[in-house]
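**Q** Here you go, one structure.
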Amino acid sequence: NQLLKESATNKTFYTQSNFQYTHVIDGQSVENLPKNVLDVRILHRFGPLSSGIYNFFGLDYSPFNVKVGFDYGITNNIMVGIAHSGYQKTYDGFFKVKLLKQSTGAVNMPISVSFVPTVAISTLKREQIDPSVKLDSNAKMDRASYALQLLIARKFSEGFAFQITPTFIHADNISYYHPDRDIFAIGVSASQRLSKRLDVNAEYFYQMPGTKAPGTRNVLSFGIGIGTGGHVFELLFSNSFGLTEKSFITETTGQWSKGDALFGFNISRVFQLGEKHRNADWKNK
């Protein structure tokens with residue numbers, strides 16, 4: 001018994017699946033794709049519930065927003081992704097590096113930590129830019145925005161995980177009027193597993209008052225994630241129409257109190273492109 005106890009003490013046991021997926025709802029989670037796994041993602045946002053029964057509470061509403069992305073696991077701790085969003089005609093790319101893993105045993109680490117830098121480029125034509133942006137005719141158009149995020153998460157039980165996401169964003173000057181283009185925000189996310197394949201998720205980003213643009217609201221989203229063997233399907237409600245970090249964190253104008261919540265869904269399909277990963281948790285998805 002003593003030998004078995006000493007053997008267990010010398011091993012490190014890493015926590016598996018703080019969250020069911022690499023994103024909570026719109027924002028990133030600390031989860032990474034395994035090595036050689038490709039994830040094809042389709043995100044869709046309909047119109048606001050406040051559009052009424054004539055527009056079938058947003059389902060029969062134009063415009064809507066669709067984002068198509070491709071994420072890939074370079075190693076088990078590094079992944080990259082590229083995507084295109086119809087809203088603001090935006091292309092974005094990111095990479096995610098896992099810095100710490102929650103563990104017990106020989107190495108007792110209470111949290112998991114990842115770092116995610118993102119760059120997004122709006123391809124709107126000058127005549128498509130909203131006049132409220134107040135871009136001077138002689139001003140140079142800065143189409144690029146950047147986001148730097150530190151993801152700090154802990155799995156408190158087999159079913160519950162919580163994450164804090166300090167965020168810095170430098171916004172472009174053509175998609176929205178930002179008096180201060182450097183924005184700081186704090187995100188909080190939580191996930192409660194109801195069964196092996198069913199999760200309830202919540203996500204909120206708070207913009208610091210000194211950098212928040214006039215008329216914007218903090219984004220609040222709720223979702224139900226369903227894992228179906230290779231697919232993750234999430235049904236959600238959010239007050240954000242945008243799907244890039246810059247747009248949904250700093251440019252959300254919808255208010256839950258006025259029925260501006262949007263219905264949407266996220267679909268993920270993973271493909272194993274190399275040797276099958278040994279992690280049983282991913283094997284079952």
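Simple scheme: letters A, B, ... for chains in structure tokens order, numbers from 1 for residues in each chain, numbers from 1 for ligands in the order shown.
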Quick one: residues within 7 Å of Gly105 in chain A, only C-alpha atoms, excluding same-chain residues fewer than 6 positions away - as a list in words?

**A**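 Counting only C-alpha atoms, the residues come to Thr9, Asn10, Lys11, Thr12 and Phe13 of chain A.
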
**Q** If you keep N, CA, C and O atoms, can you produce a file of those selected residues as a PDB file, in the first residue's frame?

**A**
ATOM      1  N   THR A   9       1.902   9.440  -5.862  1.00  0.00           N
ATOM      2  CA  THR A   9       2.387  10.769  -5.524  1.00  0.00           C
ATOM      3  C   THR A   9       3.378  11.283  -6.553  1.00  0.00           C
ATOM      4  O   THR A   9       3.458  12.482  -6.826  1.00  0.00           O
ATOM      5  N   ASN A  10       4.135  10.393  -7.173  1.00  0.00           N
ATOM      6  CA  ASN A  10       5.153  10.781  -8.138  1.00  0.00           C
ATOM      7  C   ASN A  10       4.591  11.031  -9.537  1.00  0.00           C
ATOM      8  O   ASN A  10       5.333  11.397 -10.434  1.00  0.00           O
ATOM      9  N   LYS A  11       3.306  10.813  -9.731  1.00  0.00           N
ATOM     10  CA  LYS A  11       2.679  11.044 -11.024  1.00  0.00           C
ATOM     11  C   LYS A  11       1.937  12.374 -11.026  1.00  0.00           C
ATOM     12  O   LYS A  11       1.488  12.853  -9.976  1.00  0.00           O
ATOM     13  N   THR A  12       1.809  12.959 -12.198  1.00  0.00           N
ATOM     14  CA  THR A  12       1.033  14.184 -12.370  1.00  0.00           C
ATOM     15  C   THR A  12      -0.243  13.860 -13.138  1.00  0.00           C
ATOM     16  O   THR A  12      -0.196  13.258 -14.211  1.00  0.00           O
ATOM     17  N   PHE A  13      -1.377  14.247 -12.572  1.00  0.00           N
ATOM     18  CA  PHE A  13      -2.672  13.972 -13.189  1.00  0.00           C
ATOM     19  C   PHE A  13      -3.255  15.296 -13.683  1.00  0.00           C
ATOM     20  O   PHE A  13      -3.571  16.186 -12.891  1.00  0.00           O
TER      21      PHE A  13
END

**Q** Got a sec: who's within 6 Å of Lys96 in chain A, counting only C-alpha atoms, leaving out chain neighbours fewer than 3 positions off, as a ChimeraX atom specification?

**A** /A:78-79,115-116

**Q** Let me see the file: selected residues, N, CA, C and O atoms, as a short mmCIF file (atom, residue, chain, number, x, y, z; two decimals), in the first residue's frame.

**A**
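Below you can see again11.cif, which holds the result:
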data_model
loop_
_atom_site.label_atom_id
_atom_site.label_comp_id
_atom_site.auth_asym_id
_atom_site.auth_seq_id
_atom_site.Cartn_x
_atom_site.Cartn_y
_atom_site.Cartn_z
N ILE A 78 -0.57 24.00 -28.90
CA ILE A 78 -0.59 25.16 -29.81
C ILE A 78 -1.59 24.91 -30.93
O ILE A 78 -1.54 23.86 -31.60
N MET A 79 -2.49 25.86 -31.14
CA MET A 79 -3.43 25.76 -32.25
C MET A 79 -3.54 27.11 -32.94
O MET A 79 -3.22 28.16 -32.38
N PHE A 115 -2.76 31.76 -23.70
CA PHE A 115 -2.58 33.10 -24.26
C PHE A 115 -3.05 33.09 -25.71
O PHE A 115 -2.67 32.20 -26.48
N VAL A 116 -3.89 34.09 -26.07
CA VAL A 116 -4.47 34.12 -27.42
C VAL A 116 -4.35 35.53 -28.01
O VAL A 116 -5.06 36.45 -27.58
#

**Q** Excluding Tyr14 in chain A and its own-chain neighbours fewer than 3 positions away, which residues fall within 9 Å of it when counting only C-alpha atoms? Please give them as number ranges by chain.

**A** A: 101-105, 109

**Q** Return the single residue from A:Ser240, A:Asn77, A:Ser122, A:Asn201 that is closest to Tyr91 in chain A, with distances computed using only C-alpha atoms.

**A**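 Using only C-alpha atoms, Tyr91 in chain A sits closest to A:Ser122.
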
**Q** Near Val66 in chain A, within 12 Å and counting only C-alpha atoms, which residues show up once chain neighbours fewer than 2 positions away are dropped, as a list of chain:residue names?

**A**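 Within the cut-off, the hits are A:Arg41, A:Ile42, A:Leu43, A:His44, A:Arg45, A:Phe46, A:Gly47, A:Ser62, A:Pro63, A:Phe64, A:Val68, A:Gly69, A:Ala83, A:His84, A:Ser85, A:Gly86, A:Tyr87, A:Gln88, A:Lys89, A:Thr90, A:Phe241, A:Gly242, A:Leu243, A:Thr244, A:Gly264, A:Phe265, A:Asn266, A:Ile267.
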
**Q** Could you take the residues named above and write them with N, CA and C atoms, as a PDB file, in the first residue's frame?

**A**
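Full text of selection_36.pdb as output:
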ATOM      1  N   ARG A  41     -15.688  25.337 -38.435  1.00  0.00           N
ATOM      2  CA  ARG A  41     -16.673  26.002 -37.592  1.00  0.00           C
ATOM      3  C   ARG A  41     -17.589  26.890 -38.424  1.00  0.00           C
ATOM      4  N   ILE A  42     -18.897  26.810 -38.160  1.00  0.00           N
ATOM      5  CA  ILE A  42     -19.887  27.679 -38.790  1.00  0.00           C
ATOM      6  C   ILE A  42     -20.703  28.324 -37.678  1.00  0.00           C
ATOM      7  N   LEU A  43     -20.702  29.656 -37.651  1.00  0.00           N
ATOM      8  CA  LEU A  43     -21.432  30.413 -36.644  1.00  0.00           C
ATOM      9  C   LEU A  43     -22.489  31.263 -37.345  1.00  0.00           C
ATOM     10  N   HIS A  44     -23.684  31.287 -36.798  1.00  0.00           N
ATOM     11  CA  HIS A  44     -24.787  32.006 -37.439  1.00  0.00           C
ATOM     12  C   HIS A  44     -25.539  32.814 -36.385  1.00  0.00           C
ATOM     13  N   ARG A  45     -25.819  34.089 -36.713  1.00  0.00           N
ATOM     14  CA  ARG A  45     -26.638  34.935 -35.856  1.00  0.00           C
ATOM     15  C   ARG A  45     -27.804  35.479 -36.657  1.00  0.00           C
ATOM     16  N   PHE A  46     -29.014  35.271 -36.133  1.00  0.00           N
ATOM     17  CA  PHE A  46     -30.225  35.801 -36.766  1.00  0.00           C
ATOM     18  C   PHE A  46     -30.468  37.225 -36.256  1.00  0.00           C
ATOM     19  N   GLY A  47     -31.664  37.735 -36.509  1.00  0.00           N
ATOM     20  CA  GLY A  47     -32.007  39.087 -36.080  1.00  0.00           C
ATOM     21  C   GLY A  47     -32.494  39.110 -34.643  1.00  0.00           C
ATOM     22  N   SER A  62     -33.318  40.044 -42.293  1.00  0.00           N
ATOM     23  CA  SER A  62     -32.127  40.347 -43.072  1.00  0.00           C
ATOM     24  C   SER A  62     -31.685  41.772 -42.708  1.00  0.00           C
ATOM     25  N   PRO A  63     -30.399  42.004 -42.445  1.00  0.00           N
ATOM     26  CA  PRO A  63     -29.298  41.058 -42.643  1.00  0.00           C
ATOM     27  C   PRO A  63     -29.104  40.113 -41.463  1.00  0.00           C
ATOM     28  N   PHE A  64     -28.399  39.032 -41.703  1.00  0.00           N
ATOM     29  CA  PHE A  64     -27.942  38.167 -40.629  1.00  0.00           C
ATOM     30  C   PHE A  64     -26.425  38.032 -40.773  1.00  0.00           C
ATOM     31  N   VAL A  68     -17.435  31.645 -40.988  1.00  0.00           N
ATOM     32  CA  VAL A  68     -16.896  30.320 -41.309  1.00  0.00           C
ATOM     33  C   VAL A  68     -15.421  30.320 -40.944  1.00  0.00           C
ATOM     34  N   GLY A  69     -15.009  29.333 -40.154  1.00  0.00           N
ATOM     35  CA  GLY A  69     -13.631  29.299 -39.696  1.00  0.00           C
ATOM     36  C   GLY A  69     -13.017  27.919 -39.781  1.00  0.00           C
ATOM     37  N   ALA A  83     -10.608  32.729 -40.220  1.00  0.00           N
ATOM     38  CA  ALA A  83     -12.058  32.760 -40.415  1.00  0.00           C
ATOM     39  C   ALA A  83     -12.460  33.989 -41.216  1.00  0.00           C
ATOM     40  N   HIS A  84     -13.682  33.950 -41.732  1.00  0.00           N
ATOM     41  CA  HIS A  84     -14.290  35.105 -42.405  1.00  0.00           C
ATOM     42  C   HIS A  84     -15.671  35.318 -41.833  1.00  0.00           C
ATOM     43  N   SER A  85     -15.979  36.582 -41.509  1.00  0.00           N
ATOM     44  CA  SER A  85     -17.284  36.962 -40.994  1.00  0.00           C
ATOM     45  C   SER A  85     -17.951  37.918 -41.960  1.00  0.00           C
ATOM     46  N   GLY A  86     -19.240  37.677 -42.250  1.00  0.00           N
ATOM     47  CA  GLY A  86     -19.970  38.551 -43.170  1.00  0.00           C
ATOM     48  C   GLY A  86     -20.142  39.949 -42.632  1.00  0.00           C
ATOM     49  N   TYR A  87     -20.306  40.090 -41.328  1.00  0.00           N
ATOM     50  CA  TYR A  87     -20.462  41.400 -40.706  1.00  0.00           C
ATOM     51  C   TYR A  87     -19.149  42.164 -40.792  1.00  0.00           C
ATOM     52  N   GLN A  88     -19.180  43.344 -41.384  1.00  0.00           N
ATOM     53  CA  GLN A  88     -18.014  44.196 -41.615  1.00  0.00           C
ATOM     54  C   GLN A  88     -16.983  43.544 -42.547  1.00  0.00           C
ATOM     55  N   LYS A  89     -17.396  42.474 -43.263  1.00  0.00           N
ATOM     56  CA  LYS A  89     -16.523  41.810 -44.244  1.00  0.00           C
ATOM     57  C   LYS A  89     -15.133  41.582 -43.652  1.00  0.00           C
ATOM     58  N   THR A  90     -15.089  40.847 -42.549  1.00  0.00           N
ATOM     59  CA  THR A  90     -13.876  40.740 -41.746  1.00  0.00           C
ATOM     60  C   THR A  90     -13.208  39.383 -41.882  1.00  0.00           C
ATOM     61  N   PHE A 241     -24.262  41.023 -32.286  1.00  0.00           N
ATOM     62  CA  PHE A 241     -24.382  40.597 -33.673  1.00  0.00           C
ATOM     63  C   PHE A 241     -23.020  40.212 -34.248  1.00  0.00           C
ATOM     64  N   GLY A 242     -21.953  40.845 -33.753  1.00  0.00           N
ATOM     65  CA  GLY A 242     -20.610  40.581 -34.254  1.00  0.00           C
ATOM     66  C   GLY A 242     -20.054  39.267 -33.744  1.00  0.00           C
ATOM     67  N   LEU A 243     -19.053  38.746 -34.478  1.00  0.00           N
ATOM     68  CA  LEU A 243     -18.507  37.434 -34.142  1.00  0.00           C
ATOM     69  C   LEU A 243     -16.978  37.433 -34.023  1.00  0.00           C
ATOM     70  N   THR A 244     -16.340  38.594 -34.135  1.00  0.00           N
ATOM     71  CA  THR A 244     -14.915  38.695 -33.848  1.00  0.00           C
ATOM     72  C   THR A 244     -14.759  39.358 -32.479  1.00  0.00           C
ATOM     73  N   GLY A 264     -29.021  32.292 -32.175  1.00  0.00           N
ATOM     74  CA  GLY A 264     -27.990  31.841 -33.101  1.00  0.00           C
ATOM     75  C   GLY A 264     -27.553  30.431 -32.789  1.00  0.00           C
ATOM     76  N   PHE A 265     -26.625  29.947 -33.569  1.00  0.00           N
ATOM     77  CA  PHE A 265     -26.056  28.627 -33.306  1.00  0.00           C
ATOM     78  C   PHE A 265     -24.615  28.585 -33.780  1.00  0.00           C
ATOM     79  N   ASN A 266     -23.837  27.709 -33.150  1.00  0.00           N
ATOM     80  CA  ASN A 266     -22.454  27.421 -33.538  1.00  0.00           C
ATOM     81  C   ASN A 266     -22.363  25.927 -33.843  1.00  0.00           C
ATOM     82  N   ILE A 267     -21.752  25.596 -34.977  1.00  0.00           N
ATOM     83  CA  ILE A 267     -21.552  24.196 -35.350  1.00  0.00           C
ATOM     84  C   ILE A 267     -20.058  23.950 -35.527  1.00  0.00           C
TER      85      ILE A 267
END

**Q** Among the residues of range 11-231 of chain A, find those DSSP assigns to strand (DSSP E or B) from the backbone and print them as a VMD selection string.

**A** chain A and resid 12 to 14 23 28 37 to 48 65 to 73 78 to 85 90 to 100 103 to 105 109 112 to 122 144 to 155 160 to 170 182 to 195 198 to 207 219 to 227 231

**Q** Using only C-alpha atoms, find the one residue out of A:Lys246, A:Ala190, A:Gly229, A:Gly73 that sits nearest to Tyr146 in chain A.

**A**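 Going through A:Lys246, A:Ala190, A:Gly229, A:Gly73 one by one, the smallest distance to Tyr146 in chain A is for A:Lys246.
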
**Q** Determine the nearest neighbour of Ala185 in chain A from the options A:Lys125, A:Phe248, A:Ile224, A:Leu273, counting only C-alpha atoms.

**A**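 Among the listed residues, the smallest separation from Ala185 in chain A belongs to A:Phe248.
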
**Q** Can you tell me which residues surround Phe19 in chain A at a distance of at most 7 Å, considering only C-alpha atoms, apart from same-chain residues fewer than 4 positions away, and format the answer as a PDB file with N, CA, C and O atoms, in the first residue's frame?

**A**
ATOM      1  N   SER A  29     -12.050  29.494 -25.092  1.00  0.00           N
ATOM      2  CA  SER A  29     -11.847  28.804 -23.822  1.00  0.00           C
ATOM      3  C   SER A  29     -10.399  28.331 -23.751  1.00  0.00           C
ATOM      4  O   SER A  29      -9.658  28.408 -24.735  1.00  0.00           O
ATOM      5  N   GLU A  31      -9.410  25.410 -23.743  1.00  0.00           N
ATOM      6  CA  GLU A  31      -9.232  24.129 -24.430  1.00  0.00           C
ATOM      7  C   GLU A  31      -8.514  24.316 -25.773  1.00  0.00           C
ATOM      8  O   GLU A  31      -8.735  25.305 -26.476  1.00  0.00           O
ATOM      9  N   ALA A 161     -16.910  24.410 -14.590  1.00  0.00           N
ATOM     10  CA  ALA A 161     -15.662  25.114 -14.878  1.00  0.00           C
ATOM     11  C   ALA A 161     -15.941  26.612 -14.978  1.00  0.00           C
ATOM     12  O   ALA A 161     -17.032  27.032 -15.398  1.00  0.00           O
ATOM     13  N   SER A 191     -19.260  27.073 -17.342  1.00  0.00           N
ATOM     14  CA  SER A 191     -19.871  25.937 -18.026  1.00  0.00           C
ATOM     15  C   SER A 191     -20.270  24.897 -16.993  1.00  0.00           C
ATOM     16  O   SER A 191     -19.480  24.538 -16.117  1.00  0.00           O
TER      17      SER A 191
END
